[in-house]
Structure formats: structure tokens, C-alpha cells
$ cat model01.csv   # CSV, C-alpha atoms
chain,number,residue,atom,x,y,z
A,1,MET,CA,55.2,-8.6,-24.6
A,2,ALA,CA,54.0,-9.2,-21.1
A,3,ASP,CA,53.2,-6.1,-18.9
A,4,LEU,CA,56.0,-6.0,-16.3
A,5,GLY,CA,54.0,-3.9,-13.8
A,6,ASN,CA,53.3,-6.8,-11.6
A,7,LEU,CA,55.3,-9.2,-9.4
A,8,LYS,CA,54.6,-12.4,-11.4
A,9,ASN,CA,55.9,-11.1,-14.8
A,10,THR,CA,58.9,-9.3,-13.2
A,11,ALA,CA,59.9,-12.4,-11.2
A,12,GLU,CA,59.6,-14.5,-14.4
A,13,ILE,CA,62.0,-12.2,-16.3
A,14,VAL,CA,64.4,-12.0,-13.4
A,15,ARG,CA,64.4,-15.8,-13.2
A,16,LYS,CA,64.6,-16.4,-16.9
A,17,HIS,CA,67.8,-14.3,-17.2
A,18,GLN,CA,69.2,-15.4,-13.8
A,19,PHE,CA,69.5,-11.7,-13.0
A,20,ASN,CA,71.2,-10.8,-9.7
A,21,PHE,CA,70.2,-7.5,-8.1
A,22,GLN,CA,73.2,-5.2,-7.6
A,23,LYS,CA,73.1,-3.3,-4.4
A,24,LYS,CA,75.7,-0.8,-5.7
A,25,PHE,CA,73.2,0.3,-8.4
A,26,GLY,CA,70.3,0.6,-5.9
A,27,GLN,CA,68.1,-1.7,-8.0
A,28,ASN,CA,64.5,-2.0,-6.9
A,29,PHE,CA,62.0,-2.7,-9.7
A,30,LEU,CA,58.5,-1.3,-9.5
A,31,ILE,CA,55.7,-4.0,-9.4
A,32,ASP,CA,52.5,-1.9,-9.1
A,33,SER,CA,50.7,-0.9,-12.3
A,34,ASN,CA,48.6,1.7,-10.4
A,35,ILE,CA,51.7,3.6,-9.4
A,36,LEU,CA,53.0,3.3,-13.0
A,37,ASP,CA,49.8,4.8,-14.3
A,38,LYS,CA,50.1,7.7,-11.9
A,39,ILE,CA,53.6,8.4,-12.9
A,40,ILE,CA,52.7,8.4,-16.6
A,41,GLU,CA,49.6,10.5,-16.1
A,42,SER,CA,51.6,13.1,-14.0
A,43,ALA,CA,54.3,13.4,-16.7
A,44,LYS,CA,51.6,14.6,-19.1
A,45,LEU,CA,53.1,12.8,-22.1
A,46,THR,CA,52.1,13.3,-25.7
A,47,LYS,CA,53.3,11.8,-29.0
A,48,GLU,CA,55.2,15.1,-29.5
A,49,ASP,CA,57.4,14.3,-26.4
A,50,CYS,CA,60.9,12.8,-26.2
A,51,VAL,CA,61.4,11.2,-22.8
A,52,LEU,CA,64.8,10.6,-21.1
A,53,GLU,CA,64.5,7.7,-18.7
A,54,ILE,CA,67.3,7.1,-16.2
A,55,GLY,CA,67.7,3.6,-14.9
A,56,PRO,CA,65.0,1.6,-16.8
A,57,GLY,CA,65.9,-1.6,-15.0
A,58,ILE,CA,64.1,-4.4,-16.9
A,59,GLY,CA,62.0,-1.9,-18.9
A,60,THR,CA,58.9,-1.9,-16.7
A,61,MET,CA,58.2,1.8,-16.9
A,62,THR,CA,59.8,2.1,-20.3
A,63,GLN,CA,57.0,0.0,-21.8
A,64,TYR,CA,54.4,2.5,-20.4
A,65,LEU,CA,56.4,5.5,-21.6
A,66,ALA,CA,56.8,4.1,-25.1
A,67,GLU,CA,53.0,3.7,-25.4
A,68,GLU,CA,52.5,7.4,-24.6
A,69,ALA,CA,55.5,9.4,-25.9
A,70,GLY,CA,56.9,9.9,-29.3
A,71,GLU,CA,60.4,8.7,-28.4
A,72,VAL,CA,62.1,7.3,-25.3
A,73,VAL,CA,65.8,7.3,-24.6
A,74,ALA,CA,66.6,4.8,-21.7
A,75,VAL,CA,70.0,5.2,-20.1
A,76,GLU,CA,71.0,2.1,-18.1
A,77,ILE,CA,74.4,1.8,-16.3
A,78,ASP,CA,74.2,-2.0,-15.6
A,79,LYS,CA,75.4,-3.9,-18.7
A,80,ASN,CA,73.7,-7.1,-17.4
A,81,LEU,CA,70.3,-5.5,-17.9
A,82,ILE,CA,70.9,-4.6,-21.6
A,83,PRO,CA,70.0,-8.1,-23.0
A,84,ILE,CA,66.9,-8.1,-20.8
A,85,LEU,CA,65.9,-4.6,-22.1
A,86,GLU,CA,66.5,-5.7,-25.7
A,87,GLU,CA,64.0,-8.5,-25.1
A,88,THR,CA,61.3,-6.6,-23.1
A,89,LEU,CA,61.4,-3.6,-25.4
A,90,SER,CA,61.7,-5.4,-28.7
A,91,THR,CA,58.2,-4.4,-29.8
A,92,TYR,CA,58.9,-0.7,-29.3
A,93,PRO,CA,60.7,0.9,-32.2
A,94,ASN,CA,60.5,4.3,-30.6
A,95,VAL,CA,62.9,3.3,-27.7
A,96,THR,CA,66.7,3.7,-27.7
A,97,ILE,CA,68.7,1.9,-25.1
A,98,MET,CA,72.0,3.3,-24.0
A,99,ASN,CA,74.4,1.4,-21.7
A,100,GLU,CA,75.9,4.5,-20.0
A,101,ASP,CA,76.4,6.2,-16.7
A,102,ILE,CA,74.0,9.2,-16.7
A,103,LEU,CA,76.5,11.2,-14.6
A,104,LYS,CA,79.2,10.8,-17.3
A,105,VAL,CA,77.2,10.9,-20.5
A,106,ASP,CA,76.6,14.2,-22.3
A,107,ILE,CA,72.9,14.7,-21.8
A,108,ASN,CA,72.8,17.8,-23.9
A,109,ARG,CA,74.1,15.7,-26.8
A,110,ILE,CA,71.4,13.1,-26.3
A,111,VAL,CA,68.7,15.9,-26.4
A,112,GLN,CA,70.3,17.4,-29.5
A,113,GLU,CA,70.5,14.0,-31.3
A,114,HIS,CA,67.1,12.7,-30.3
A,115,ASN,CA,64.9,15.8,-30.0
A,116,GLY,CA,66.7,18.5,-32.1
A,117,GLY,CA,67.7,20.4,-29.0
A,118,ARG,CA,64.0,20.9,-27.9
A,119,PRO,CA,63.1,20.4,-24.2
A,120,VAL,CA,62.7,16.8,-23.1
A,121,LYS,CA,60.8,15.3,-20.2
A,122,VAL,CA,62.7,13.2,-17.7
A,123,VAL,CA,60.9,10.3,-16.1
A,124,ALA,CA,62.7,7.9,-13.7
A,125,ASN,CA,62.7,5.6,-10.8
A,126,LEU,CA,65.9,7.0,-9.4
A,127,PRO,CA,68.4,5.0,-7.3
A,128,TYR,CA,68.4,6.6,-3.9
A,129,TYR,CA,72.2,6.9,-3.6
A,130,ILE,CA,72.6,9.2,-6.6
A,131,THR,CA,69.4,11.1,-6.6
A,132,THR,CA,71.0,14.5,-5.7
A,133,PRO,CA,73.9,14.3,-8.2
A,134,ILE,CA,71.5,13.4,-11.0
A,135,ILE,CA,69.0,16.2,-10.3
A,136,MET,CA,71.9,18.7,-9.9
A,137,ALA,CA,73.5,17.5,-13.1
A,138,LEU,CA,70.2,17.9,-15.0
A,139,PHE,CA,69.6,21.5,-13.8
A,140,GLU,CA,73.1,22.9,-13.5
A,141,SER,CA,74.2,21.7,-17.0
A,142,HIS,CA,71.1,23.5,-18.3
A,143,VAL,CA,69.8,20.6,-20.2
A,144,PRO,CA,66.6,21.7,-22.1
A,145,LEU,CA,63.9,20.3,-19.8
A,146,GLN,CA,60.2,20.6,-19.6
A,147,SER,CA,59.8,18.6,-16.4
A,148,VAL,CA,61.3,15.9,-14.3
A,149,THR,CA,58.9,13.3,-12.9
A,150,ILE,CA,60.8,11.0,-10.6
A,151,MET,CA,60.3,8.3,-7.9
A,152,VAL,CA,62.7,9.0,-5.0
A,153,GLN,CA,63.1,8.1,-1.4
A,154,LYS,CA,60.3,9.8,0.7
A,155,GLU,CA,62.8,11.9,2.7
A,156,MET,CA,64.5,13.1,-0.5
A,157,ALA,CA,61.1,14.3,-2.0
A,158,ASP,CA,60.3,16.1,1.3
A,159,ARG,CA,63.7,17.8,1.1
A,160,MET,CA,63.0,19.1,-2.4
A,161,GLN,CA,59.8,21.0,-1.5
A,162,VAL,CA,60.2,22.2,2.1
A,163,GLY,CA,60.8,25.8,3.2
A,164,PRO,CA,63.2,27.5,5.7
A,165,GLY,CA,63.3,26.5,9.4
A,166,THR,CA,62.8,22.7,8.9
A,167,LYS,CA,65.5,20.1,9.4
A,168,GLU,CA,65.0,18.8,5.8
A,169,TYR,CA,65.6,22.2,4.3
A,170,GLY,CA,69.0,22.5,2.7
A,171,ALA,CA,71.1,23.1,-0.5
A,172,LEU,CA,68.9,20.6,-2.5
A,173,SER,CA,65.7,22.3,-1.5
A,174,LEU,CA,67.0,25.7,-2.7
A,175,ALA,CA,68.5,24.3,-5.9
A,176,VAL,CA,65.3,22.5,-6.9
A,177,GLN,CA,63.1,25.5,-6.0
A,178,TYR,CA,65.4,27.9,-8.0
A,179,TYR,CA,65.0,25.9,-11.1
A,180,ALA,CA,61.6,24.2,-10.8
A,181,LYS,CA,58.2,24.1,-9.1
A,182,PRO,CA,58.1,20.8,-7.0
A,183,GLU,CA,54.8,18.9,-6.6
A,184,ILE,CA,54.3,15.7,-4.6
A,185,ILE,CA,52.3,13.3,-6.8
A,186,ALA,CA,52.0,10.1,-4.8
A,187,ARG,CA,53.4,8.2,-1.8
A,188,VAL,CA,54.6,4.7,-2.6
A,189,PRO,CA,55.0,2.1,0.1
A,190,ALA,CA,58.1,-0.2,0.0
A,191,SER,CA,55.8,-3.2,-0.8
A,192,CYS,CA,55.5,-1.9,-4.4
A,193,PHE,CA,59.0,-2.9,-5.2
A,194,MET,CA,61.1,-6.0,-5.9
A,195,PRO,CA,63.2,-6.5,-3.9
A,196,ARG,CA,61.5,-4.6,-1.2
A,197,PRO,CA,63.6,-1.6,0.0
A,198,ASN,CA,63.9,-0.4,3.6
A,199,VAL,CA,62.1,2.9,3.0
A,200,ASP,CA,59.0,4.2,1.4
A,201,SER,CA,59.1,6.3,-1.8
A,202,THR,CA,57.4,9.3,-3.3
A,203,VAL,CA,56.7,10.4,-6.9
A,204,ILE,CA,57.5,14.1,-7.3
A,205,ARG,CA,57.2,16.3,-10.4
A,206,LEU,CA,59.6,19.2,-10.9
A,207,THR,CA,58.2,21.6,-13.6
A,208,ARG,CA,61.1,23.7,-14.9
A,209,TYR,CA,60.7,27.4,-14.7
A,210,GLU,CA,61.2,29.4,-17.9
A,211,LYS,CA,62.9,31.9,-15.7
A,212,PRO,CA,64.1,31.4,-12.1
A,213,PRO,CA,61.8,33.1,-9.5
A,214,VAL,CA,64.7,35.3,-8.2
A,215,ASP,CA,67.1,37.6,-9.9
A,216,VAL,CA,70.7,36.5,-9.5
A,217,GLU,CA,73.8,38.2,-11.0
A,218,ASP,CA,76.0,35.1,-10.8
A,219,GLU,CA,74.3,31.7,-10.5
A,220,ALA,CA,77.4,29.7,-9.8
A,221,TYR,CA,78.3,32.1,-6.9
A,222,LEU,CA,74.7,31.8,-5.5
A,223,PHE,CA,75.1,28.0,-5.3
A,224,ALA,CA,78.6,28.4,-3.8
A,225,VAL,CA,77.1,30.6,-1.1
A,226,ILE,CA,74.3,28.1,-0.5
A,227,ARG,CA,76.6,25.1,-0.3
A,228,ALA,CA,78.9,26.9,2.2
A,229,SER,CA,75.9,27.9,4.3
A,230,PHE,CA,74.8,24.3,4.8
A,231,ASN,CA,78.2,22.5,4.9
A,232,GLN,CA,78.4,23.0,8.6
A,233,ARG,CA,74.8,23.2,9.7
A,234,ARG,CA,75.5,23.8,13.4
A,235,LYS,CA,77.6,26.9,12.6
A,236,THR,CA,76.3,30.4,12.0
A,237,LEU,CA,75.9,31.6,8.4
A,238,ALA,CA,78.8,34.0,9.0
A,239,ASN,CA,81.1,31.2,10.1
A,240,GLY,CA,80.1,28.9,7.2
A,241,LEU,CA,80.7,31.6,4.6
A,242,THR,CA,84.0,32.8,6.2
A,243,ASN,CA,85.4,29.3,6.4
A,244,ALA,CA,84.4,28.3,2.9
A,245,GLY,CA,87.6,29.8,1.4
A,246,ASN,CA,86.2,30.0,-2.2
A,247,LEU,CA,83.9,33.0,-1.8
A,248,GLY,CA,86.4,35.8,-1.6
A,249,VAL,CA,84.9,37.3,1.5
A,250,ASN,CA,85.9,37.8,5.2
A,251,ARG,CA,83.9,37.8,8.4
A,252,GLN,CA,83.6,41.6,8.5
A,253,MET,CA,82.1,41.7,4.9
A,254,VAL,CA,79.7,38.9,5.7
A,255,GLU,CA,78.5,40.4,9.0
A,256,GLU,CA,78.1,43.9,7.4
A,257,THR,CA,76.1,42.4,4.5
A,258,LEU,CA,73.8,40.5,6.9
A,259,GLU,CA,73.3,43.8,8.9
A,260,GLU,CA,72.4,45.6,5.6
A,261,MET,CA,69.8,43.0,5.0
A,262,GLY,CA,68.4,43.4,8.5
A,263,LEU,CA,69.6,40.0,9.6
A,264,SER,CA,71.4,38.9,12.8
A,265,ALA,CA,75.1,38.1,12.6
A,266,MET,CA,74.2,34.9,14.5
A,267,ILE,CA,71.6,33.6,11.9
A,268,ARG,CA,72.0,30.1,10.4
A,269,GLY,CA,71.6,29.3,6.8
A,270,GLU,CA,68.5,27.2,7.3
A,271,ALA,CA,66.6,30.4,8.3
A,272,LEU,CA,67.0,32.1,4.9
A,273,THR,CA,64.6,32.0,2.1
A,274,LEU,CA,65.6,31.6,-1.6
A,275,GLU,CA,65.0,35.3,-2.1
A,276,GLN,CA,67.3,36.1,0.8
A,277,PHE,CA,70.0,33.9,-0.5
A,278,ALA,CA,69.7,35.6,-3.9
A,279,GLU,CA,70.1,39.0,-2.3
A,280,LEU,CA,73.0,37.8,-0.1
A,281,SER,CA,74.9,36.4,-3.0
A,282,ASN,CA,74.3,39.5,-5.1
A,283,ARG,CA,75.5,41.8,-2.3
A,284,LEU,CA,78.6,39.6,-1.4
A,285,GLY,CA,79.4,39.1,-5.1
A,286,GLY,CA,79.8,42.8,-5.5
A,287,LYS,CA,82.2,43.0,-2.6
A,288,ARG,CA,84.4,40.0,-3.0
A,289,VAL,CA,88.1,40.4,-3.4
$ encode --input "model01.csv" --output "C-alpha cells"
Amino acid sequence: MADLGNLKNTAEIVRKHQFNFQKKFGQNFLIDSNILDKIIESAKLTKEDCVLEIGPGIGTMTQYLAEEAGEVVAVEIDKNLIPILEETLSTYPNVTIMNEDILKVDINRIVQEHNGGRPVKVVANLPYYITTPIIMALFESHVPLQSVTIMVQKEMADRMQVGPGTKEYGALSLAVQYYAKPEIIARVPASCFMPRPNVDSTVIRLTRYEKPPVDVEDEAYLFAVIRASFNQRRKTLANGLTNAGNLGVNRQMVEETLEEMGLSAMIRGEALTLEQFAELSNRLGGKRV
């Protein structure tokens, strides 16, 4: 089967199957074998690994994954791509193609059935419009994961690994850094895709922590506090938490807690570190009514 990591072979497959790119699915196929090699190398695959690929497209990266991993489960939402994948991956018996929406499928069941419940590696060229929901679904549902190596919009990758005080810093930054260690692997210009997107991309690897770097008494409450802190970025943290309505706290409790932590009642959420959010949620959680 022809290597799809170039424009000529990709264009040929698209033409042969009269495939129409769906904007609603954010379809941009990678056509640079050097970038594909970098992704595969950074995922550190062995024949012992089971890989979950989200959005395989026409199977470009799937071919590379199948060469290195023991098993690949490729989940594709667009039913029009399934016949193409069946053709481009026909020589790889270690690939399972699923026509499913990754946000609706039971990922834990996939891991159980295909890897005996052992941690999998996720590798994907993610559609920009659902990057955050996919990442949050992977982490919050506690899927057994070793690592997540993904191509995402450059701004999204920046958001995952920045610290407090920057405009990119927010709920996604904190969630990713609670669950995993983020590392930028490569910057990818828009010219490496077909069709060409309007933005550049970045490959980022998120290596799952065995244990989060902070001690939290109630993980769900921590993330409720974080979300409330960034829902209205221009408001103070006290305002955001008081207005949330689902935290069981009032303004006085929030301001007292901030004072106990040596923080100003006027501080904004974007100024707090993950450690401070963990302490804040632990303290507020003990006071809530």
C-alpha cells in the first residue's frame, strides 16, 4: 500500500474515492512524512503497545502506527471515510477501525477489550473544534493512559503548558497539568496539511502522572472551582466563585479563605498556581454548605 505521508498519494486517494472534505469534522490530512516520523518517535511505541487513534482520516498516520505498535484501534466519526480506511489499511491485520464518535463511545470498554484494561497510548491529529472536550474526556473518565501524543492548533498547545499570569492560562492548562506532564515536540506549519488550514499546528506529548502533583480531597470539586474561576475572566476570583451557584459557598467564605491563604480578595483566577487552586478547593470544600 502506498505511503500516504505525501501530497501526491493523498490527493490520489481523495480523487479515487471522490471524497469531499467535511468542515464540520475539521478534516485536514497530514502530508509530511518528516512530521509523521516525529510524532511516531515521540510516542515511543513498542510492539507491546496498544494505540488509540482518534480521527484517522484516510489512514495516513495509522499506517505508521501499525508498523510500530502491537495493536491500533482507530476511531473515525465520518462514515464516508470507512471504505477508504478499509482499503488503505487492508494490509495491517493489527488495526481495528471503528465508525464512532469518540465523545460518545465508551473508551474504557475499548481499552478493556483490546488491551485487557492495561494503559494505552493515544496518538491523534485532533480536529481543532473538539480538542478540549476530547482531552478532558480522556483524563476525567480515568481511561488507563500512558501518554497522549497529539497534533493540535498551536494556540491550544500553548494553552496546555503555560503557567499563571499569561492570557493563554486557563481551565485547560490546569486540567492538563494536574493529570500529565506536557512537552512541546514540534511546530507544524499549515503547509503540511491538505486542505491547508488557516493556522499552524503543534505536536504535544502529555505523559500521564501516576499520581497528580497536588493532593486534592475532591477532584470534581477542584475542577468546579477552576471552571468557576475562569468562566468570567474579567471578574475577581471571589466574584466568579460566589456567582457559580454550584460550589456551596458565599462571598464571605471565599474572602475569608483567600485571606487565610495570604491572597488578596481582589485576586483573579489567572494568578493562582495549580497548588493554590488545590489548597483553595480543599479549604472551601471543608466549609461548603
$ closest_residue --input "model01.csv" --among "A:Ser281, A:Asn198, A:Thr10, A:Gln252" --to "A:Ala228" --atoms "all atoms listed in the file"
A:Ser281
$ atom_distance --input "model01.csv" --atom1 "atom CA of A:Val216" --atom2 "atom CA of A:Gly165"
22.6 Å
$ closest_atom_pairs --input "model01.csv" --of "stretch 24-121 of chain A" --to "stretch 201-207 of chain A" --cutoff "10 Å" --atoms "only C-alpha atoms" --output "CSV"
residue,atom,partner,partner_atom,distance
A:Ile35,CA,A:Val203,CA,8.8
A:Lys38,CA,A:Val203,CA,8.7
A:Ile39,CA,A:Val203,CA,7.0
A:Ser42,CA,A:Arg205,CA,7.4
A:Ala43,CA,A:Arg205,CA,7.5
A:Lys121,CA,A:Thr207,CA,9.5
$ write_last_selection --input "model01.csv" --atoms "C-alpha atoms" --output "short mmCIF file (atom, residue, chain, number, x, y, z; two decimals), in the coordinates of the input"
data_model
loop_
_atom_site.label_atom_id
_atom_site.label_comp_id
_atom_site.auth_asym_id
_atom_site.auth_seq_id
_atom_site.Cartn_x
_atom_site.Cartn_y
_atom_site.Cartn_z
CA ILE A 35 51.70 3.60 -9.40
CA LYS A 38 50.10 7.70 -11.90
CA ILE A 39 53.60 8.40 -12.90
CA SER A 42 51.60 13.10 -14.00
CA ALA A 43 54.30 13.40 -16.70
CA LYS A 121 60.80 15.30 -20.20
#
$ atom_distance --input "model01.csv" --atom1 "atom CA of A:Thr46" --atom2 "atom CA of A:Pro93"
16.4 Å
$ closest_residue --input "model01.csv" --among "A:Met156, A:Leu145, A:Met194, A:Ala137" --to "A:Tyr209" --atoms "only C-alpha atoms"
A:Leu145
$ closest_residue --input "model01.csv" --among "A:Val249, A:Leu280, A:Met160, A:Ile110" --to "A:Glu183" --atoms "only C-alpha atoms"
A:Met160
$ atom_distance --input "model01.csv" --atom1 "atom CA of A:Ile31" --atom2 "atom CA of A:Arg159"
25.5 Å
$ residues_around --input "model01.csv" --residues "A:Tyr179" --least-positions-apart "6" --cutoff "7 Å" --atoms "all atoms listed in the file" --output "PDB file with C-alpha atoms, in the frame of the given file"
ATOM      1  CA  PHE A 139      69.600  21.500 -13.800  1.00  0.00           C
ATOM      2  CA  ARG A 208      61.100  23.700 -14.900  1.00  0.00           C
ATOM      3  CA  TYR A 209      60.700  27.400 -14.700  1.00  0.00           C
ATOM      4  CA  PRO A 212      64.100  31.400 -12.100  1.00  0.00           C
TER       5      PRO A 212
END
$ residues_near_point --input "model01.csv" --point "(70.1, 35.2, 6.5)" --cutoff "6 Å" --atoms "all atoms listed in the file" --output "ChimeraX atom specification"
/A:263,267,272
$ closest_residue --input "model01.csv" --among "A:Asn250, A:Gln27, A:Ser229, A:Gln22" --to "A:Phe277" --atoms "all atoms listed in the file"
A:Ser229
$ closest_residue --input "model01.csv" --among "A:Asp37, A:Ile84, A:Asp3, A:Ser173" --to "A:Ile185" --atoms "all atoms listed in the file"
A:Asp37
$ residues_around --input "model01.csv" --residues "A:Val143" --least-positions-apart "3" --cutoff "9 Å" --atoms "all atoms listed in the file" --output "number ranges by chain"
A: 107-108, 111, 119-120, 137-140
$ residues_near_point --input "model01.csv" --point "(65.3, 9.5, -18.3)" --cutoff "9 Å" --atoms "only C-alpha atoms" --output "number ranges by chain"
A: 51-56, 72-75, 102, 121-125, 148
$ closest_residue --input "model01.csv" --among "A:Ala278, A:Cys50, A:Leu126, A:Leu4" --to "A:Glu68" --atoms "all atoms listed in the file"
A:Cys50
$ residues_around --input "model01.csv" --residues "A:Leu237" --least-positions-apart "4" --cutoff "12 Å" --atoms "all atoms listed in the file" --output "PDB file with C-alpha atoms, keeping the file's coordinate frame"
ATOM      1  CA  VAL A 225      77.100  30.600  -1.100  1.00  0.00           C
ATOM      2  CA  ILE A 226      74.300  28.100  -0.500  1.00  0.00           C
ATOM      3  CA  ARG A 227      76.600  25.100  -0.300  1.00  0.00           C
ATOM      4  CA  ALA A 228      78.900  26.900   2.200  1.00  0.00           C
ATOM      5  CA  SER A 229      75.900  27.900   4.300  1.00  0.00           C
ATOM      6  CA  PHE A 230      74.800  24.300   4.800  1.00  0.00           C
ATOM      7  CA  ASN A 231      78.200  22.500   4.900  1.00  0.00           C
ATOM      8  CA  GLN A 232      78.400  23.000   8.600  1.00  0.00           C
ATOM      9  CA  ARG A 233      74.800  23.200   9.700  1.00  0.00           C
ATOM     10  CA  LEU A 241      80.700  31.600   4.600  1.00  0.00           C
ATOM     11  CA  THR A 242      84.000  32.800   6.200  1.00  0.00           C
ATOM     12  CA  ASN A 243      85.400  29.300   6.400  1.00  0.00           C
ATOM     13  CA  ALA A 244      84.400  28.300   2.900  1.00  0.00           C
ATOM     14  CA  ARG A 251      83.900  37.800   8.400  1.00  0.00           C
ATOM     15  CA  VAL A 254      79.700  38.900   5.700  1.00  0.00           C
ATOM     16  CA  GLU A 255      78.500  40.400   9.000  1.00  0.00           C
ATOM     17  CA  THR A 257      76.100  42.400   4.500  1.00  0.00           C
ATOM     18  CA  LEU A 258      73.800  40.500   6.900  1.00  0.00           C
ATOM     19  CA  LEU A 263      69.600  40.000   9.600  1.00  0.00           C
ATOM     20  CA  SER A 264      71.400  38.900  12.800  1.00  0.00           C
ATOM     21  CA  ALA A 265      75.100  38.100  12.600  1.00  0.00           C
ATOM     22  CA  MET A 266      74.200  34.900  14.500  1.00  0.00           C
ATOM     23  CA  ILE A 267      71.600  33.600  11.900  1.00  0.00           C
ATOM     24  CA  ARG A 268      72.000  30.100  10.400  1.00  0.00           C
ATOM     25  CA  GLY A 269      71.600  29.300   6.800  1.00  0.00           C
ATOM     26  CA  GLU A 270      68.500  27.200   7.300  1.00  0.00           C
ATOM     27  CA  ALA A 271      66.600  30.400   8.300  1.00  0.00           C
ATOM     28  CA  LEU A 272      67.000  32.100   4.900  1.00  0.00           C
ATOM     29  CA  PHE A 277      70.000  33.900  -0.500  1.00  0.00           C
ATOM     30  CA  LEU A 280      73.000  37.800  -0.100  1.00  0.00           C
TER      31      LEU A 280
END
$ residues_around --input "model01.csv" --residues "A:Phe25" --least-positions-apart "5" --cutoff "9 Å" --atoms "all atoms listed in the file" --output "PDB file with C-alpha atoms, in the frame of the given file"
ATOM      1  CA  ILE A  77      74.400   1.800 -16.300  1.00  0.00           C
ATOM      2  CA  ASP A  78      74.200  -2.000 -15.600  1.00  0.00           C
ATOM      3  CA  PRO A 127      68.400   5.000  -7.300  1.00  0.00           C
ATOM      4  CA  TYR A 129      72.200   6.900  -3.600  1.00  0.00           C
TER       5      TYR A 129
END
$ residues_around --input "model01.csv" --residues "A:Gln177" --least-positions-apart "3" --cutoff "8 Å" --atoms "only C-alpha atoms" --output "short mmCIF file (atom, residue, chain, number, x, y, z; two decimals) with C-alpha atoms, in the frame of the given file"
data_model
loop_
_atom_site.label_atom_id
_atom_site.label_comp_id
_atom_site.auth_asym_id
_atom_site.auth_seq_id
_atom_site.Cartn_x
_atom_site.Cartn_y
_atom_site.Cartn_z
CA MET A 160 63.00 19.10 -2.40
CA GLN A 161 59.80 21.00 -1.50
CA SER A 173 65.70 22.30 -1.50
CA LEU A 174 67.00 25.70 -2.70
CA ALA A 180 61.60 24.20 -10.80
CA LYS A 181 58.20 24.10 -9.10
CA PRO A 182 58.10 20.80 -7.00
CA LEU A 274 65.60 31.60 -1.60
#
$ build_atoms --input "model01.csv" --residues "stretch 156-174 of chain A" --atoms "N, CA and C atoms" --output "compact mmCIF listing (two decimals), in the frame of the given file"
# COMPACT_ATOMS: atom_id res chain seq x y z
N MET A 156 63.85 12.29 0.55
CA MET A 156 64.50 13.10 -0.50
C MET A 156 63.41 14.01 -1.14
N ALA A 157 62.21 13.46 -1.39
CA ALA A 157 61.10 14.30 -2.00
C ALA A 157 60.73 15.38 -1.01
N ASP A 158 60.65 15.04 0.28
CA ASP A 158 60.30 16.10 1.30
C ASP A 158 61.32 17.19 1.25
N ARG A 159 62.59 16.81 1.11
CA ARG A 159 63.70 17.80 1.10
C ARG A 159 63.56 18.77 -0.05
N MET A 160 63.05 18.27 -1.18
CA MET A 160 63.00 19.10 -2.40
C MET A 160 61.94 20.21 -2.28
N GLN A 161 60.91 20.00 -1.46
CA GLN A 161 59.80 21.00 -1.50
C GLN A 161 59.54 21.68 -0.17
N VAL A 162 60.41 21.51 0.85
CA VAL A 162 60.20 22.20 2.10
C VAL A 162 60.79 23.60 2.10
N GLY A 163 60.36 24.42 3.08
CA GLY A 163 60.80 25.80 3.20
C GLY A 163 61.77 25.95 4.39
N PRO A 164 62.22 27.18 4.65
CA PRO A 164 63.20 27.50 5.70
C PRO A 164 62.66 27.03 7.10
N GLY A 165 63.62 26.74 7.98
CA GLY A 165 63.30 26.50 9.40
C GLY A 165 62.98 25.00 9.67
N THR A 166 63.04 24.14 8.65
CA THR A 166 62.80 22.70 8.90
C THR A 166 64.13 21.97 8.75
N LYS A 167 64.23 20.82 9.39
CA LYS A 167 65.50 20.10 9.40
C LYS A 167 65.82 19.51 8.00
N GLU A 168 64.78 19.31 7.18
CA GLU A 168 65.00 18.80 5.80
C GLU A 168 65.51 19.83 4.86
N TYR A 169 65.30 21.10 5.21
CA TYR A 169 65.60 22.20 4.30
C TYR A 169 67.16 22.31 4.14
N GLY A 170 67.60 22.46 2.90
CA GLY A 170 69.00 22.50 2.70
C GLY A 170 69.36 22.93 1.25
N ALA A 171 70.59 22.66 0.82
CA ALA A 171 71.10 23.10 -0.50
C ALA A 171 70.20 22.46 -1.62
N LEU A 172 69.77 21.20 -1.45
CA LEU A 172 68.90 20.60 -2.50
C LEU A 172 67.59 21.28 -2.61
N SER A 173 66.97 21.61 -1.47
CA SER A 173 65.70 22.30 -1.50
C SER A 173 65.80 23.59 -2.30
N LEU A 174 66.84 24.37 -2.02
CA LEU A 174 67.00 25.70 -2.70
C LEU A 174 67.33 25.51 -4.16
